[in-house]
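Asks: One file is attached below, final.txt, containing compact mmCIF, C-alpha atoms.
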```txt
# COMPACT_ATOMS: atom_id res chain seq x y z
CA MET A 1 187.18 51.30 105.91
CA SER A 2 189.18 53.27 108.46
CA THR A 3 192.17 50.98 107.90
CA ARG A 4 192.00 51.56 104.15
CA ARG A 5 191.85 55.30 104.64
CA LEU A 6 194.83 55.15 107.00
CA PHE A 7 196.81 53.21 104.41
CA LEU A 8 196.03 55.74 101.70
CA LYS A 9 197.03 58.57 104.01
CA SER A 10 200.33 56.89 104.88
CA SER A 11 201.18 56.51 101.20
CA ALA A 12 201.91 60.29 101.19
CA LEU A 13 199.40 60.90 98.42
CA GLY A 14 196.58 63.41 98.95
CA MET A 15 193.99 63.12 96.18
CA PHE A 16 190.83 65.18 95.76
CA GLY A 17 188.22 64.13 93.25
CA VAL A 18 187.19 60.54 92.61
CA GLY A 19 185.85 58.55 89.71
CA THR A 20 186.42 55.37 87.79
CA ALA A 21 190.08 54.56 87.32
CA PRO A 22 191.27 55.47 83.82
CA ALA A 23 193.69 53.29 81.90
CA TRP A 24 196.26 56.05 81.96
CA LEU A 25 199.39 54.37 83.24
CA SER A 26 200.60 53.03 79.93
CA ARG A 27 200.04 56.45 78.35
CA ALA A 28 201.50 58.51 81.17
CA LEU A 29 205.15 57.78 80.48
CA TYR A 30 205.27 59.25 77.01
CA ALA A 31 208.29 58.97 74.80
CA ALA A 32 210.41 62.11 74.66
CA ASP A 33 209.00 62.94 71.25
CA GLY A 34 205.46 61.86 72.10
CA PRO A 35 202.39 63.97 72.87
CA GLY A 36 203.36 64.39 76.52
CA ALA A 37 206.39 66.39 75.46
CA HIS A 38 204.15 69.03 73.89
CA LYS A 39 201.43 69.36 76.54
CA LYS A 40 200.86 72.94 77.65
CA ILE A 41 201.60 73.41 81.34
CA LEU A 42 200.77 76.28 83.69
CA VAL A 43 202.71 76.73 86.93
CA ALA A 44 201.23 79.09 89.55
CA ILE A 45 203.36 80.43 92.40
CA PHE A 46 201.72 82.11 95.40
CA GLN A 47 203.74 84.56 97.51
CA ARG A 48 201.85 84.29 100.79
CA GLY A 49 201.94 87.21 103.17
CA ALA A 50 201.48 90.11 100.72
CA VAL A 51 204.72 90.99 98.98
CA ASP A 52 205.76 94.65 98.75
CA GLY A 53 205.34 95.10 95.01
CA LEU A 54 206.59 98.68 95.07
CA ASN A 55 210.02 97.49 96.20
CA VAL A 56 209.98 94.43 93.93
CA VAL A 57 209.36 96.31 90.69
CA VAL A 58 210.44 99.83 91.61
CA PRO A 59 208.78 102.90 90.04
CA PHE A 60 212.02 104.85 90.21
CA GLY A 61 210.65 107.35 87.67
CA GLU A 62 207.97 108.34 90.21
CA LYS A 63 209.27 111.18 92.39
CA GLN A 64 206.66 110.55 95.06
CA TYR A 65 207.99 107.02 95.59
CA TYR A 66 211.09 108.46 97.25
CA SER A 67 209.07 110.94 99.29
CA LEU A 68 206.85 108.19 100.68
CA ARG A 69 209.75 105.86 101.48
CA PRO A 70 212.75 107.83 102.73
CA ASN A 71 214.28 104.74 104.37
CA LEU A 72 212.87 101.89 102.26
CA ALA A 73 213.08 103.18 98.69
CA ILE A 74 215.43 101.35 96.32
CA PRO A 75 217.98 103.79 94.80
CA LYS A 76 217.58 104.79 91.17
CA PRO A 77 219.57 102.73 88.67
CA ASP A 78 223.22 103.73 88.57
CA ARG A 79 224.75 100.36 87.59
CA THR A 80 225.88 99.65 91.16
CA GLU A 81 224.90 96.48 92.98
CA ASN A 82 222.67 98.33 95.44
CA SER A 83 220.52 100.20 92.94
CA ALA A 84 217.43 99.20 90.97
CA ILE A 85 217.97 97.34 87.69
CA ASP A 86 216.55 99.48 84.91
CA LEU A 87 213.78 97.84 82.84
CA ASP A 88 212.29 100.61 80.73
CA GLY A 89 213.43 103.97 82.06
CA PHE A 90 210.61 104.16 84.63
CA PHE A 91 210.48 100.76 86.34
CA GLY A 92 213.36 98.74 87.73
CA LEU A 93 213.87 95.38 89.41
CA HIS A 94 215.02 95.08 93.00
CA PRO A 95 218.75 94.25 92.75
CA ALA A 96 218.16 90.88 94.43
CA LEU A 97 216.17 89.90 91.31
CA ALA A 98 219.16 90.28 88.99
CA PRO A 99 218.86 86.60 87.88
CA LEU A 100 215.52 87.46 86.25
CA LYS A 101 216.83 90.32 84.11
CA PRO A 102 218.20 88.05 81.31
CA ILE A 103 214.80 86.33 81.05
CA TYR A 104 213.09 89.72 80.79
CA ASP A 105 215.59 90.94 78.19
CA SER A 106 215.10 87.78 76.11
CA GLY A 107 211.42 88.68 75.69
CA HIS A 108 210.20 85.69 77.70
CA MET A 109 209.20 87.52 80.90
CA ALA A 110 206.43 90.08 81.36
CA ILE A 111 205.52 92.09 84.44
CA VAL A 112 202.09 93.44 85.36
CA HIS A 113 202.00 96.31 87.86
CA ALA A 114 199.08 97.82 89.80
CA VAL A 115 197.33 94.45 89.57
CA GLY A 116 195.33 92.52 92.15
CA SER A 117 191.93 91.78 93.56
CA PRO A 118 189.17 94.39 93.45
CA ASP A 119 187.94 93.23 96.85
CA PRO A 120 189.03 95.77 99.52
CA THR A 121 189.80 93.29 102.31
CA ARG A 122 193.12 93.62 104.11
CA SER A 123 192.76 90.19 105.73
CA HIS A 124 195.40 87.72 104.58
CA PHE A 125 193.02 84.79 104.98
CA ASP A 126 190.13 86.33 103.06
CA ALA A 127 192.30 87.82 100.32
CA GLN A 128 194.11 84.53 99.70
CA ASP A 129 190.81 82.68 99.70
CA TYR A 130 189.30 85.06 97.12
CA MET A 131 192.36 84.94 94.87
CA GLU A 132 192.60 81.14 94.98
CA SER A 133 188.88 80.66 94.41
CA GLY A 134 188.97 83.25 91.62
CA THR A 135 185.82 84.89 92.98
CA PRO A 136 186.68 88.07 94.94
CA GLY A 137 184.18 88.86 97.67
CA ARG A 138 182.34 85.54 97.33
CA LYS A 139 182.72 83.17 100.29
CA ALA A 140 180.44 80.47 98.93
CA THR A 141 182.73 79.27 96.13
CA SER A 142 183.74 75.69 96.93
CA ASP A 143 186.46 75.05 94.35
CA GLY A 144 189.53 76.82 93.00
CA TRP A 145 190.30 78.59 89.72
CA LEU A 146 193.24 76.35 88.84
CA ASN A 147 191.11 73.24 89.16
CA ARG A 148 188.35 74.77 87.06
CA ALA A 149 190.94 75.76 84.45
CA LEU A 150 191.34 72.08 83.61
CA ARG A 151 188.98 70.80 80.98
CA ILE A 152 187.19 67.60 81.97
CA GLN A 153 188.87 64.63 80.29
CA LYS A 154 187.71 61.08 80.64
CA ASP A 155 191.13 59.43 80.58
CA ALA A 156 193.34 62.19 81.97
CA SER A 157 196.32 61.34 84.13
CA PRO A 158 195.54 61.65 87.86
CA VAL A 159 198.78 63.60 88.18
CA ARG A 160 197.67 66.23 85.69
CA ALA A 161 197.31 68.69 88.60
CA VAL A 162 200.03 68.68 91.26
CA SER A 163 200.66 70.92 94.24
CA LEU A 164 203.96 70.86 96.10
CA GLY A 165 203.16 70.66 99.80
CA THR A 166 201.48 68.54 102.44
CA ALA A 167 197.95 69.79 101.76
CA LEU A 168 196.05 70.66 98.62
CA PRO A 169 195.73 74.47 98.32
CA ARG A 170 192.41 76.20 97.79
CA ALA A 171 193.22 76.95 94.14
CA MET A 172 193.57 73.24 93.29
CA ARG A 173 190.41 71.86 94.91
CA GLY A 174 187.48 70.81 92.78
CA GLN A 175 185.99 68.08 90.65
CA ASN A 176 189.15 67.42 88.66
CA GLU A 177 191.61 65.13 90.38
CA ALA A 178 194.60 66.86 91.96
CA VAL A 179 197.38 65.62 94.19
CA ALA A 180 199.46 67.23 96.93
CA ILE A 181 203.05 66.04 97.06
CA ALA A 182 205.41 66.96 99.86
CA ASN A 183 208.32 65.30 98.07
CA LEU A 184 208.48 62.98 95.07
CA ASN A 185 210.58 60.54 97.07
CA ASP A 186 207.77 60.20 99.62
CA PHE A 187 205.72 58.27 97.10
CA GLN A 188 206.63 54.82 98.34
CA ILE A 189 205.03 51.89 100.10
CA ARG A 190 207.42 50.33 102.57
CA ASP A 191 205.24 47.32 103.49
CA THR A 192 204.87 45.67 100.08
CA ARG A 193 203.01 42.61 101.46
CA GLY A 194 200.46 44.86 103.16
CA ALA A 195 200.22 47.00 100.06
CA GLY A 196 199.36 43.98 97.94
CA THR A 197 196.63 42.95 100.35
CA PHE A 198 195.05 46.41 100.38
CA GLU A 199 195.34 46.72 96.62
CA SER A 200 193.47 43.43 96.18
CA MET A 201 190.77 44.66 98.56
CA TYR A 202 190.26 47.76 96.42
CA GLU A 203 190.26 45.82 93.16
CA SER A 204 187.61 43.42 94.44
CA SER A 205 185.41 46.20 95.80
CA LEU A 206 181.95 46.40 94.25
CA ASP A 207 181.82 50.10 95.06
CA GLN A 208 182.77 51.80 91.79
CA VAL A 209 183.89 55.04 93.44
CA LEU A 210 185.91 53.29 96.14
CA ASN A 211 187.50 50.94 93.60
CA GLY A 212 188.44 53.83 91.31
CA ALA A 213 189.95 55.97 94.05
CA GLY A 214 191.94 53.08 95.48
CA ARG A 215 193.27 51.93 92.14
CA GLU A 216 194.33 55.42 91.13
CA THR A 217 196.14 55.83 94.44
CA PHE A 218 198.17 52.67 93.97
CA GLU A 219 198.87 53.37 90.31
CA ALA A 220 199.98 56.91 91.11
CA VAL A 221 202.40 55.55 93.72
CA LYS A 222 203.77 53.08 91.14
CA LEU A 223 204.18 55.89 88.64
CA MET A 224 206.13 57.99 91.11
CA GLN A 225 208.32 55.00 91.94
CA SER A 226 209.19 54.68 88.26
CA ILE A 227 210.27 58.33 88.27
CA GLN A 228 212.36 57.80 91.40
CA LYS A 229 214.40 55.11 89.64
CA GLN A 230 215.71 57.75 87.26
CA PRO A 231 218.27 59.97 89.07
CA TYR A 232 217.53 63.61 88.40
CA ALA A 233 220.22 66.05 87.36
CA PRO A 234 219.19 69.61 86.38
CA ARG A 235 220.19 70.68 82.89
CA ASN A 236 223.72 72.02 82.35
CA GLY A 237 224.58 71.86 86.02
CA VAL A 238 221.88 74.34 87.06
CA GLN A 239 221.88 74.84 90.83
CA TYR A 240 218.51 75.39 92.50
CA PRO A 241 218.53 77.41 95.75
CA ASN A 242 218.36 75.22 98.83
CA SER A 243 215.07 76.83 99.79
CA SER A 244 211.53 75.52 99.92
CA LEU A 245 210.53 77.21 96.66
CA GLY A 246 213.78 76.22 94.94
CA GLN A 247 213.34 72.56 95.80
CA ASP A 248 209.64 72.61 94.91
CA LEU A 249 210.35 74.06 91.47
CA MET A 250 213.05 71.47 90.90
CA GLN A 251 210.48 68.74 91.58
CA ILE A 252 208.01 70.36 89.20
CA ALA A 253 210.73 70.47 86.55
CA ARG A 254 211.37 66.78 87.16
CA LEU A 255 207.69 65.97 86.69
CA ILE A 256 207.55 68.01 83.47
CA LYS A 257 210.59 66.24 82.03
CA SER A 258 209.16 62.84 83.02
CA ASN A 259 206.17 63.42 80.71
CA VAL A 260 203.62 62.11 83.19
CA GLY A 261 200.76 64.21 81.81
CA LEU A 262 201.19 67.24 84.09
CA GLU A 263 199.03 70.21 83.08
CA VAL A 264 198.95 72.53 86.09
CA ALA A 265 201.24 72.83 89.10
CA PHE A 266 201.16 74.97 92.22
CA ALA A 267 203.94 76.07 94.57
CA GLU A 268 204.13 78.71 97.25
CA MET A 269 206.57 80.81 99.24
CA ARG A 270 205.77 82.29 102.63
CA GLY A 271 207.20 85.08 104.76
CA TRP A 272 206.27 88.22 102.79
CA ASP A 273 204.39 89.99 105.62
CA THR A 274 207.00 92.70 106.20
CA HIS A 275 205.49 94.97 108.85
CA VAL A 276 208.85 95.49 110.57
CA ASN A 277 212.47 95.45 109.46
CA GLU A 278 211.63 95.01 105.82
CA VAL A 279 215.08 96.35 105.05
CA GLY A 280 218.32 96.51 106.98
CA ALA A 281 220.79 99.36 107.21
CA ARG A 282 220.34 99.77 103.46
CA PRO A 283 217.16 99.13 101.44
CA THR A 284 218.94 96.50 99.37
CA VAL A 285 219.71 94.24 102.34
CA GLY A 286 217.53 92.65 104.99
CA GLN A 287 214.36 90.57 105.08
CA LEU A 288 212.88 91.54 101.72
CA ALA A 289 216.19 91.27 99.89
CA ASN A 290 216.78 87.79 101.34
CA LEU A 291 213.33 86.63 100.27
CA LEU A 292 213.72 88.07 96.79
CA GLY A 293 217.12 86.44 96.43
CA GLN A 294 215.53 83.03 97.06
CA PHE A 295 212.57 83.86 94.84
CA GLY A 296 214.56 85.14 91.87
CA GLY A 297 217.14 82.39 92.12
CA ALA A 298 214.46 79.68 92.14
CA LEU A 299 212.60 81.11 89.13
CA ALA A 300 215.79 81.58 87.13
CA ALA A 301 216.98 78.04 87.90
CA PHE A 302 213.63 76.60 86.81
CA TYR A 303 213.76 78.54 83.54
CA GLN A 304 217.33 77.46 82.80
CA ASP A 305 216.73 73.86 83.81
CA LEU A 306 213.77 73.39 81.46
CA GLY A 307 215.54 74.98 78.52
CA ASP A 308 213.60 74.28 75.31
CA ARG A 309 210.78 72.73 77.34
CA MET A 310 209.84 76.23 78.52
CA ALA A 311 208.19 76.68 75.11
CA ASP A 312 205.26 74.67 76.50
CA VAL A 313 205.39 76.02 80.07
CA SER A 314 204.13 79.33 81.45
CA VAL A 315 204.70 80.50 85.02
CA ILE A 316 202.62 83.09 86.84
CA THR A 317 203.28 84.59 90.28
CA MET A 318 200.76 86.25 92.59
CA SER A 319 200.26 87.56 96.12
CA GLU A 320 197.04 88.33 97.99
CA PHE A 321 197.55 92.12 98.05
CA GLY A 322 200.33 94.69 98.10
CA ARG A 323 201.55 96.97 100.86
CA THR A 324 201.13 100.60 101.80
CA ALA A 325 202.78 103.18 99.59
CA ARG A 326 204.16 104.95 102.65
CA GLU A 327 206.64 103.22 104.94
CA ASN A 328 205.63 102.80 108.59
CA GLY A 329 207.61 103.70 111.72
CA SER A 330 209.13 100.23 112.04
CA ARG A 331 211.09 100.22 108.78
CA GLY A 332 208.33 98.20 107.19
CA THR A 333 205.03 98.48 105.33
CA ASP A 334 201.47 97.54 106.23
CA HIS A 335 198.67 95.79 104.34
CA GLY A 336 197.86 97.54 101.07
CA HIS A 337 195.96 96.96 97.85
CA ALA A 338 197.39 96.59 94.31
CA ASN A 339 200.57 94.64 93.66
CA VAL A 340 202.79 93.14 90.95
CA MET A 341 202.74 89.83 89.02
CA PHE A 342 205.41 88.09 86.93
CA ALA A 343 204.66 85.89 83.92
CA PHE A 344 207.33 84.05 81.97
CA GLY A 345 207.75 81.13 79.63
CA GLY A 346 206.17 79.86 76.45
CA GLY A 347 204.11 82.32 74.46
CA ILE A 348 204.70 85.22 76.88
CA ARG A 349 205.20 88.58 75.19
CA GLY A 350 207.85 89.85 77.50
CA ALA A 351 210.40 92.61 77.91
CA LYS A 352 207.53 94.85 78.97
CA VAL A 353 205.82 96.12 82.12
CA TYR A 354 202.07 95.88 81.49
CA GLY A 355 199.23 97.73 83.16
CA GLN A 356 198.18 101.34 83.55
CA TRP A 357 200.32 103.11 86.14
CA PRO A 358 198.02 105.09 88.50
CA GLY A 359 200.64 107.27 90.17
CA LEU A 360 201.55 107.76 93.83
CA GLU A 361 200.33 111.28 94.54
CA GLN A 362 198.00 111.48 97.54
CA GLU A 363 194.88 111.90 95.41
CA GLN A 364 195.92 108.98 93.18
CA LEU A 365 196.27 106.46 95.99
CA TYR A 366 193.56 103.97 96.95
CA GLU A 367 191.99 105.25 100.17
CA GLN A 368 194.87 107.77 100.18
CA ARG A 369 197.32 105.10 101.31
CA ASP A 370 197.78 102.30 98.75
CA LEU A 371 198.70 101.73 95.13
CA GLN A 372 195.48 101.94 93.12
CA LEU A 373 194.38 98.85 91.21
CA THR A 374 194.14 99.21 87.43
CA THR A 375 194.27 95.53 86.35
CA ASP A 376 192.12 92.77 87.81
CA PHE A 377 194.17 89.64 88.53
CA ARG A 378 191.55 87.59 86.67
CA ASP A 379 192.46 89.43 83.47
CA VAL A 380 195.99 88.03 83.71
CA LEU A 381 195.02 84.52 84.84
CA GLY A 382 192.16 84.38 82.36
CA GLU A 383 194.45 85.18 79.46
CA LEU A 384 196.76 82.33 80.46
CA VAL A 385 193.83 79.93 80.81
CA VAL A 386 192.42 80.81 77.39
CA ARG A 387 195.52 81.41 75.30
CA HIS A 388 197.99 79.06 76.96
CA LEU A 389 195.91 76.17 78.33
CA GLY A 390 193.38 76.49 75.51
CA ASN A 391 190.30 76.59 77.75
CA ALA A 392 187.97 79.16 76.22
CA GLN A 393 185.34 78.81 78.97
CA VAL A 394 186.72 81.70 80.98
CA ALA A 395 183.32 82.46 82.52
CA SER A 396 183.32 78.98 84.04
CA VAL A 397 186.84 79.37 85.39
CA PHE A 398 186.04 82.78 86.90
CA PRO A 399 182.30 82.78 87.70
CA GLY A 400 180.74 86.21 87.61
CA TYR A 401 183.58 87.68 85.55
CA GLU A 402 182.48 87.10 81.99
CA GLN A 403 184.29 89.89 80.13
CA PRO A 404 187.94 89.97 81.16
CA LYS A 405 190.21 92.60 79.66
CA PHE A 406 193.20 90.76 78.23
CA ARG A 407 196.42 92.78 78.01
CA GLY A 408 198.09 90.83 75.18
CA ILE A 409 200.58 89.20 77.53
CA VAL A 410 200.20 85.79 75.90
CA GLY A 411 200.96 85.42 72.21
```
Here is the file; what I need is its structure written in the form of structure tokens.
Replies:
Amino acid sequence: MSTRRLFLKSSALGMFGVGTAPAWLSRALYAADGPGAHKKILVAIFQRGAVDGLNVVVPFGEKQYYSLRPNLAIPKPDRTENSAIDLDGFFGLHPALAPLKPIYDSGHMAIVHAVGSPDPTRSHFDAQDYMESGTPGRKATSDGWLNRALRIQKDASPVRAVSLGTALPRAMRGQNEAVAIANLNDFQIRDTRGAGTFESMYESSLDQVLNGAGRETFEAVKLMQSIQKQPYAPRNGVQYPNSSLGQDLMQIARLIKSNVGLEVAFAEMRGWDTHVNEVGARPTVGQLANLLGQFGGALAAFYQDLGDRMADVSVITMSEFGRTARENGSRGTDHGHANVMFAFGGGIRGAKVYGQWPGLEQEQLYEQRDLQLTTDFRDVLGELVVRHLGNAQVASVFPGYEQPKFRGIVG
């Protein structure tokens, strides 16, 4: 048994959820005009570390923003490369996010401000756990919202839920099968003689669960090998950033185009905990600007690469909480409360900043220090689950939150 487990681990496939092996392989590689080409897909991106939403989507129409951040505030739009990019006369994008402006202008990108978790924790670990479980303040939840968002299907592809990384994130764990992939090219078995022996052992097993899990592992590896044989070239010469998120999104795009039955995907980007040196000599350079350059470039490349396929794909970004409205003494910001989310792709009603703006006056701040929350993150995720993925059981996806307030972000 331990040898079998070791072999599965060395195959670079991490699978959670077991059951009888479905006859999915022949259906997984759909023709370009087959049903796989029209499957709705949701991609979730987690910005770990608590991104500074106030400098990502800048409330330049708010006078108090500049009073609270004399050194960090992004200059008002003036059409120069160092100023905010005007969105609607009140909000603007950080200039490092210029690649996202055409998507916003096309009507395919929406922004939600003053959004986040109602739980007051300022702990990265707890806040990420609550957001990924979809149950703020509840430690006992064992599975994740993205796994629960999948409707149970008897013959679903075991690669319907994929996370890019070495371990399955909290959001993807649950009864539906999900895989963690560090790199598509890692799905290979170098010792083919040994692989055949182990595969036969699994096939002859009388244990239904063991046989199913083993067979799905081997078949998933074979499926990935079939994808590897097809060299991947992004559409129209699109260049993904040579960053972790850029390369992860390129692999997700490759999976989508391969029509393997993908329904949900998860990627993440770390490094957003900007307590010190958030900006350099100017607010538009430094740590945050570098991160946003990678972030915006990766999202824009993904959008351009998928082209018409984006009609069936929606992307949502999130971070565990925002940062203080007032800058600290180290040219940074500390742990805050409400934040900002981006949604783009198929069915998104974009070219708009959603959410009720609470203001930044002292009496308007949460605990007199943070952006006040006016939209629960489950309202945004729930709308995508119901109107994009077609899962109407929102109370099952977000237990204890039975009456979400949809904003009309998804058409």
Asks: Give me, as an mmCIF file with C-alpha atoms, keeping the file's coordinate frame, all polymer residues having an atom no more than 8 Å from Leu68 (chain A), counting only C-alpha atoms and skipping those fewer than 5 positions away in the same chain.
Replies:
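Output below, filename out-v8.cif:
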```
data_model
loop_
_atom_site.group_PDB
_atom_site.id
_atom_site.type_symbol
_atom_site.label_atom_id
_atom_site.label_comp_id
_atom_site.auth_asym_id
_atom_site.auth_seq_id
_atom_site.Cartn_x
_atom_site.Cartn_y
_atom_site.Cartn_z
ATOM 1 C CA ALA A 325 202.780 103.180 99.590
ATOM 2 C CA ARG A 326 204.160 104.950 102.650
ATOM 3 C CA GLU A 327 206.640 103.220 104.940
#
```
Asks: Find the residue from A:Leu384, A:Val285, A:Gln230, A:Leu371 that sits nearest to Gly322 (chain A); use only C-alpha atoms when measuring.
Replies: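 Ranked by minimum distance to Gly322 (chain A), first place goes to A:Leu371.
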Asks: Which one is closest to Ser314 (chain A): A:Trp357, A:Tyr66, A:Tyr366, A:Phe266? Count only C-alpha atoms.
Replies: A:Phe266
Asks: Extract, using all atoms listed in the file, all DNA, RNA and protein residues at most 12 Å from Tyr240 (chain A), discarding same-chain residues fewer than 6 positions from it, and format them as a PyMOL selection string.
Replies: chain A and resi 233-234+246-251+253+293-305
Asks: State, in Å with one decimal place, the distance from CA of Leu360 (chain A) to CA of Val340 (chain A).
Replies: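 Between these atoms lies a distance of 15.0 Å.
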Asks: May I ask which of the residues A:Glu320, A:Ser106, A:Val410, A:Val353 is the closest one to Gly89 (chain A), counting only C-alpha atoms?
Replies: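 That would be A:Val353, the residue with the smallest distance to Gly89 (chain A).
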Asks: Mind pulling up the distance from CA of Pro283 (chain A) to CA of Leu72 (chain A)?
Replies: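 Separation of CA of Leu72 (chain A) and CA of Pro283 (chain A): 5.2 Å.
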Asks: What is the distance between CA of Asp119 (chain A) and CA of Gly382 (chain A), in Å to one decimal?
Replies: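 Computing it gives 17.5 Å between the two atoms.
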Asks: Using all atoms listed in the file, which residues sit within 7 Å of Val57 (chain A) once same-chain residues fewer than 4 positions away are excluded, as a VMD selection string?
Replies: chain A and resid 53 91 to 94
Asks: Neighbours of Ala84 (chain A) within 10 Å (all atoms listed in the file; same-chain residues fewer than 3 positions away dropped), as a PDB file with C-alpha atoms, keeping the file's coordinate frame?
Replies:
```
ATOM      1  CA  ASN A  55     210.020  97.490  96.200  1.00  0.00           C
ATOM      2  CA  VAL A  56     209.980  94.430  93.930  1.00  0.00           C
ATOM      3  CA  VAL A  57     209.360  96.310  90.690  1.00  0.00           C
ATOM      4  CA  VAL A  58     210.440  99.830  91.610  1.00  0.00           C
ATOM      5  CA  PRO A  59     208.780 102.900  90.040  1.00  0.00           C
ATOM      6  CA  PHE A  60     212.020 104.850  90.210  1.00  0.00           C
ATOM      7  CA  ALA A  73     213.080 103.180  98.690  1.00  0.00           C
ATOM      8  CA  ILE A  74     215.430 101.350  96.320  1.00  0.00           C
ATOM      9  CA  PRO A  75     217.980 103.790  94.800  1.00  0.00           C
ATOM     10  CA  LYS A  76     217.580 104.790  91.170  1.00  0.00           C
ATOM     11  CA  PRO A  77     219.570 102.730  88.670  1.00  0.00           C
ATOM     12  CA  ASP A  78     223.220 103.730  88.570  1.00  0.00           C
ATOM     13  CA  ARG A  79     224.750 100.360  87.590  1.00  0.00           C
ATOM     14  CA  THR A  80     225.880  99.650  91.160  1.00  0.00           C
ATOM     15  CA  GLU A  81     224.900  96.480  92.980  1.00  0.00           C
ATOM     16  CA  LEU A  87     213.780  97.840  82.840  1.00  0.00           C
ATOM     17  CA  PHE A  91     210.480 100.760  86.340  1.00  0.00           C
ATOM     18  CA  GLY A  92     213.360  98.740  87.730  1.00  0.00           C
ATOM     19  CA  LEU A  93     213.870  95.380  89.410  1.00  0.00           C
ATOM     20  CA  HIS A  94     215.020  95.080  93.000  1.00  0.00           C
ATOM     21  CA  PRO A  95     218.750  94.250  92.750  1.00  0.00           C
ATOM     22  CA  ALA A  96     218.160  90.880  94.430  1.00  0.00           C
ATOM     23  CA  LEU A  97     216.170  89.900  91.310  1.00  0.00           C
ATOM     24  CA  ALA A  98     219.160  90.280  88.990  1.00  0.00           C
ATOM     25  CA  THR A 284     218.940  96.500  99.370  1.00  0.00           C
TER      26      THR A 284
END
```
Asks: Report as a list of chain:residue names all protein, DNA and RNA residues lying within 9 Å of Leu389 (chain A), evaluated on all atoms listed in the file, omitting residues in the same chain fewer than 3 positions from it.
Replies: A:Lys39, A:Lys40, A:Ile41, A:Leu42, A:Ala149, A:Leu150, A:Glu263, A:Leu384, A:Val385, A:Val386, A:Ala392
Asks: Restricting the calculation to only C-alpha atoms, which member of A:Ile348, A:Ala171, A:Leu262, A:Ala127 is positioned closest to Met310 (chain A)?
Replies: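 The answer is A:Ile348, which sits nearest to Met310 (chain A).
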Asks: Show me as a list in words the residues that reach within 8 Å of (197.8, 88.6, 104.5), counting all atoms listed in the file and using the file's own coordinates.
Replies: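 Final list of nearby residues, as requested, is Arg48, Gly49, Ala50, Arg122, Ser123, His124, Phe125, Ala127, Gln128, Asp273, Glu320, Phe321 and His335 of chain A.
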Asks: Taking only C-alpha atoms into account, name the residue in A:Phe377, A:Asn82, A:Gly355, A:Phe342 that is nearest to Glu132 (chain A).
Replies: A:Phe377
